[in-house]
Amino acid sequence: MKRGTTIKRESDRRLVLERKMIIRRYVLELDRERCIGCPIGMLACPQEAVGLSPALLKDGRLAEKPLADIDPSKCNFCGECVVLCPVNALSLTVNGEPEIPVVKNEAFPTLIKEITVEVAKCKPDCGLACQESCPVDCIEVEVERDEEGKIVHILDVKVDRSECIYCVQCEAACPEGAIAVTKPWEGTLRLDVTRCPEGCQACVDICPTDALLMKDGRLAFDERFCLYCGACQEVCPEEGAIVVERHRVLHTEVKSAAWTAALEKLISLEAAALELEAKSQAKRRQVLSYLPAAGGKE
């Protein structure tokens, strides 16, 4: 096999692309069990290497979720999809160590997402609500128990941030207000239940955060938990029943054509134009700040 050729290996659980160069070995891995078949990676990929198979529905339920695929002849291991994946289904290593080239080379930002826990506020009778509510099991509460096994003290709340999807479920569940979560995506989801086919709940089946759920036989939406990933829109069989729009993504500062191109495909055109204009104005102000004041001395 020619050096630099990308090798693709796949199973029901994982898809792995590997490229060996003279001094660098790239491995991009997709966890298909974790992947929800959202369109974000497909939209953002600058090489159009990411594709999605259609969902398979049976009697209104999700029989097979959309499957993401990556074309080894197109992927350049830039890592944009890894940065943007809302459920941490993608990982990239270079020489066995986590690395995202497009971020390392300052051509792409990292997303701003955070979770903080004030353990001092935690009370032993909370029922470990944060841990129990987490949809990806990334929270572990350390407790002290008495001889009867009853919790008498919360010692610590550990969050695995490599697994956290920042869905706000733990924040909403905590009875003491001890948890604060910053979601990286902002947007809207418009739901027209009059268009929903009778008995269909494919969107509920695919939603990773229970933002969509059935209540009394009727589809309901809780905006607090929405990641605006668009997976629900992908599996919905009725056009217009669910419309997801991303208006803003919180990210570290970056000035690059790569991020501008991704932004224009990921969020609404109006929102992208506003953000880019705001950055342009900030840049102009910065330039002006270095110029001598009118009538002043240099």
# chains A, B, ... in the order shown; residues from 1 in each chain; ligands from 1
>>> select_by_dssp(residues="stretch 55-295 of chain A", states="strand (DSSP E)", output="JSON, numbers by chain")
{"A": [56, 57, 58, 61, 62, 63, 64, 68, 69, 70, 90, 91, 92, 93, 94, 97, 98, 114, 115, 116, 117, 139, 140, 141, 142, 143, 144, 145, 151, 152, 153, 154, 155, 156, 157, 158, 159, 179, 180, 181, 182, 185, 186, 187, 188, 189, 190, 191, 212, 213, 214, 215, 218, 219, 220, 221, 242, 243, 244, 245, 246, 247, 248, 249]}
>>> residues_around(residues="stretch 91-107 of chain A", least_positions_apart="6", cutoff="9 Å", atoms="only C-alpha atoms", output="PDB file with N, CA, C and O atoms, in the first residue's frame")
ATOM      1  N   ILE A  23       6.453  10.678   9.119  1.00  0.00           N
ATOM      2  CA  ILE A  23       6.662  10.929  10.557  1.00  0.00           C
ATOM      3  C   ILE A  23       5.360  11.168  11.302  1.00  0.00           C
ATOM      4  O   ILE A  23       5.377  11.430  12.507  1.00  0.00           O
ATOM      5  N   ARG A  24       4.221  11.088  10.617  1.00  0.00           N
ATOM      6  CA  ARG A  24       2.951  11.333  11.285  1.00  0.00           C
ATOM      7  C   ARG A  24       1.935  10.257  10.909  1.00  0.00           C
ATOM      8  O   ARG A  24       1.855   9.820   9.754  1.00  0.00           O
ATOM      9  N   ARG A  25       1.163   9.849  11.908  1.00  0.00           N
ATOM     10  CA  ARG A  25       0.116   8.844  11.711  1.00  0.00           C
ATOM     11  C   ARG A  25      -1.200   9.431  12.209  1.00  0.00           C
ATOM     12  O   ARG A  25      -1.354   9.748  13.381  1.00  0.00           O
ATOM     13  N   TYR A  26      -2.144   9.599  11.280  1.00  0.00           N
ATOM     14  CA  TYR A  26      -3.441  10.179  11.596  1.00  0.00           C
ATOM     15  C   TYR A  26      -4.474   9.072  11.754  1.00  0.00           C
ATOM     16  O   TYR A  26      -4.548   8.157  10.923  1.00  0.00           O
ATOM     17  N   VAL A  27      -5.293   9.175  12.800  1.00  0.00           N
ATOM     18  CA  VAL A  27      -6.395   8.237  12.993  1.00  0.00           C
ATOM     19  C   VAL A  27      -7.647   9.031  13.372  1.00  0.00           C
ATOM     20  O   VAL A  27      -7.675   9.710  14.399  1.00  0.00           O
ATOM     21  N   LEU A  28      -8.651   8.956  12.518  1.00  0.00           N
ATOM     22  CA  LEU A  28      -9.952   9.581  12.777  1.00  0.00           C
ATOM     23  C   LEU A  28     -10.943   8.470  13.066  1.00  0.00           C
ATOM     24  O   LEU A  28     -11.081   7.525  12.279  1.00  0.00           O
ATOM     25  N   GLU A  29     -11.625   8.570  14.193  1.00  0.00           N
ATOM     26  CA  GLU A  29     -12.531   7.497  14.608  1.00  0.00           C
ATOM     27  C   GLU A  29     -13.930   8.035  14.862  1.00  0.00           C
ATOM     28  O   GLU A  29     -14.103   9.068  15.518  1.00  0.00           O
ATOM     29  N   LEU A  30     -14.925   7.334  14.340  1.00  0.00           N
ATOM     30  CA  LEU A  30     -16.326   7.659  14.552  1.00  0.00           C
ATOM     31  C   LEU A  30     -16.977   6.553  15.358  1.00  0.00           C
ATOM     32  O   LEU A  30     -16.964   5.382  14.946  1.00  0.00           O
ATOM     33  N   ASP A  31     -17.530   6.908  16.504  1.00  0.00           N
ATOM     34  CA  ASP A  31     -18.272   5.970  17.340  1.00  0.00           C
ATOM     35  C   ASP A  31     -19.712   5.957  16.834  1.00  0.00           C
ATOM     36  O   ASP A  31     -20.484   6.883  17.095  1.00  0.00           O
ATOM     37  N   PHE A  77      -8.215  14.913   7.245  1.00  0.00           N
ATOM     38  CA  PHE A  77      -7.890  14.841   8.666  1.00  0.00           C
ATOM     39  C   PHE A  77      -7.695  16.229   9.277  1.00  0.00           C
ATOM     40  O   PHE A  77      -6.835  16.436  10.129  1.00  0.00           O
ATOM     41  N   CYS A  78      -8.501  17.190   8.855  1.00  0.00           N
ATOM     42  CA  CYS A  78      -8.381  18.549   9.396  1.00  0.00           C
ATOM     43  C   CYS A  78      -8.948  18.649  10.805  1.00  0.00           C
ATOM     44  O   CYS A  78      -8.495  19.444  11.618  1.00  0.00           O
ATOM     45  N   GLY A  79     -10.001  17.867  11.105  1.00  0.00           N
ATOM     46  CA  GLY A  79     -10.566  17.848  12.445  1.00  0.00           C
ATOM     47  C   GLY A  79     -11.735  18.780  12.675  1.00  0.00           C
ATOM     48  O   GLY A  79     -12.232  18.888  13.799  1.00  0.00           O
ATOM     49  N   GLU A  80     -12.220  19.466  11.639  1.00  0.00           N
ATOM     50  CA  GLU A  80     -13.359  20.370  11.831  1.00  0.00           C
ATOM     51  C   GLU A  80     -14.576  19.613  12.368  1.00  0.00           C
ATOM     52  O   GLU A  80     -15.296  20.104  13.242  1.00  0.00           O
ATOM     53  N   VAL A  82     -14.612  17.027  14.221  1.00  0.00           N
ATOM     54  CA  VAL A  82     -14.368  16.658  15.622  1.00  0.00           C
ATOM     55  C   VAL A  82     -14.727  17.821  16.545  1.00  0.00           C
ATOM     56  O   VAL A  82     -15.359  17.642  17.589  1.00  0.00           O
ATOM     57  N   VAL A  83     -14.317  19.016  16.156  1.00  0.00           N
ATOM     58  CA  VAL A  83     -14.605  20.213  16.953  1.00  0.00           C
ATOM     59  C   VAL A  83     -16.107  20.412  17.101  1.00  0.00           C
ATOM     60  O   VAL A  83     -16.606  20.742  18.184  1.00  0.00           O
ATOM     61  N   VAL A 254     -11.091  33.672  16.523  1.00  0.00           N
ATOM     62  CA  VAL A 254     -10.290  33.171  15.420  1.00  0.00           C
ATOM     63  C   VAL A 254     -10.592  34.023  14.191  1.00  0.00           C
ATOM     64  O   VAL A 254     -11.703  34.535  14.035  1.00  0.00           O
ATOM     65  N   LYS A 255      -9.580  34.196  13.346  1.00  0.00           N
ATOM     66  CA  LYS A 255      -9.759  34.931  12.092  1.00  0.00           C
ATOM     67  C   LYS A 255      -9.245  34.041  10.970  1.00  0.00           C
ATOM     68  O   LYS A 255      -8.038  33.924  10.769  1.00  0.00           O
ATOM     69  N   SER A 256     -10.165  33.391  10.267  1.00  0.00           N
ATOM     70  CA  SER A 256      -9.729  32.494   9.206  1.00  0.00           C
ATOM     71  C   SER A 256     -10.841  32.268   8.211  1.00  0.00           C
ATOM     72  O   SER A 256     -12.031  32.319   8.544  1.00  0.00           O
ATOM     73  N   ALA A 257     -10.445  31.981   6.987  1.00  0.00           N
ATOM     74  CA  ALA A 257     -11.417  31.674   5.941  1.00  0.00           C
ATOM     75  C   ALA A 257     -12.098  30.342   6.217  1.00  0.00           C
ATOM     76  O   ALA A 257     -13.270  30.145   5.860  1.00  0.00           O
ATOM     77  N   ALA A 258     -11.385  29.415   6.868  1.00  0.00           N
ATOM     78  CA  ALA A 258     -11.958  28.093   7.164  1.00  0.00           C
ATOM     79  C   ALA A 258     -13.161  28.217   8.087  1.00  0.00           C
ATOM     80  O   ALA A 258     -14.211  27.604   7.855  1.00  0.00           O
ATOM     81  N   TRP A 259     -13.027  29.039   9.130  1.00  0.00           N
ATOM     82  CA  TRP A 259     -14.137  29.204  10.071  1.00  0.00           C
ATOM     83  C   TRP A 259     -15.268  29.989   9.427  1.00  0.00           C
ATOM     84  O   TRP A 259     -16.443  29.671   9.625  1.00  0.00           O
TER      85      TRP A 259
END
>>> residues_around(residues="A:Ala202", least_positions_apart="5", cutoff="9 Å", atoms="only C-alpha atoms", output="list in words")
Leu57, Gly60, Arg61, Leu62, Ala63, Cys207, Cys232, Val235, Cys236 and Pro237 of chain A
>>> residues_around(residues="A:Leu128", least_positions_apart="5", cutoff="9 Å", atoms="only C-alpha atoms", output="list in words")
Ser133, Val141 and Cys174 of chain A
>>> residues_around(residues="A:Pro124", least_positions_apart="4", cutoff="8 Å", atoms="only C-alpha atoms", output="list in words")
Leu128, Ile151, Val152, His153 and Ile154 of chain A
>>> residues_around(residues="A:Cys85", least_positions_apart="4", cutoff="9 Å", atoms="only C-alpha atoms", output="list in words")
Cys35, Cys38, Ile40, Gly41, Glu80, Cys81, Ala89, Leu90 and Cys229 of chain A
>>> atom_distance(atom1="atom CA of A:Asp205", atom2="atom CA of A:Glu132")
19.5 Å
>>> select_by_dssp(residues="stretch 133-272 of chain A", states="helix (DSSP H, G or I)", output="PyMOL selection string")
chain A and resi 133+169-173+193-195+202-206+223-225+231-235+257-266+269-272
>>> residues_around(residues="A:Leu15", least_positions_apart="2", cutoff="9 Å", atoms="only C-alpha atoms", output="ChimeraX atom specification")
/A:8-13,17,28-32,69-70
>>> atom_distance(atom1="atom CA of A:Ser73", atom2="atom CA of A:Ile267")
27.5 Å
>>> closest_residue(among="A:Thr110, A:Thr209, A:Thr194, A:Thr116", to="A:Glu238", atoms="only C-alpha atoms")
A:Thr194
>>> closest_residue(among="A:Cys126, A:Cys75, A:Met42, A:Val244", to="A:Glu186", atoms="only C-alpha atoms")
A:Val244
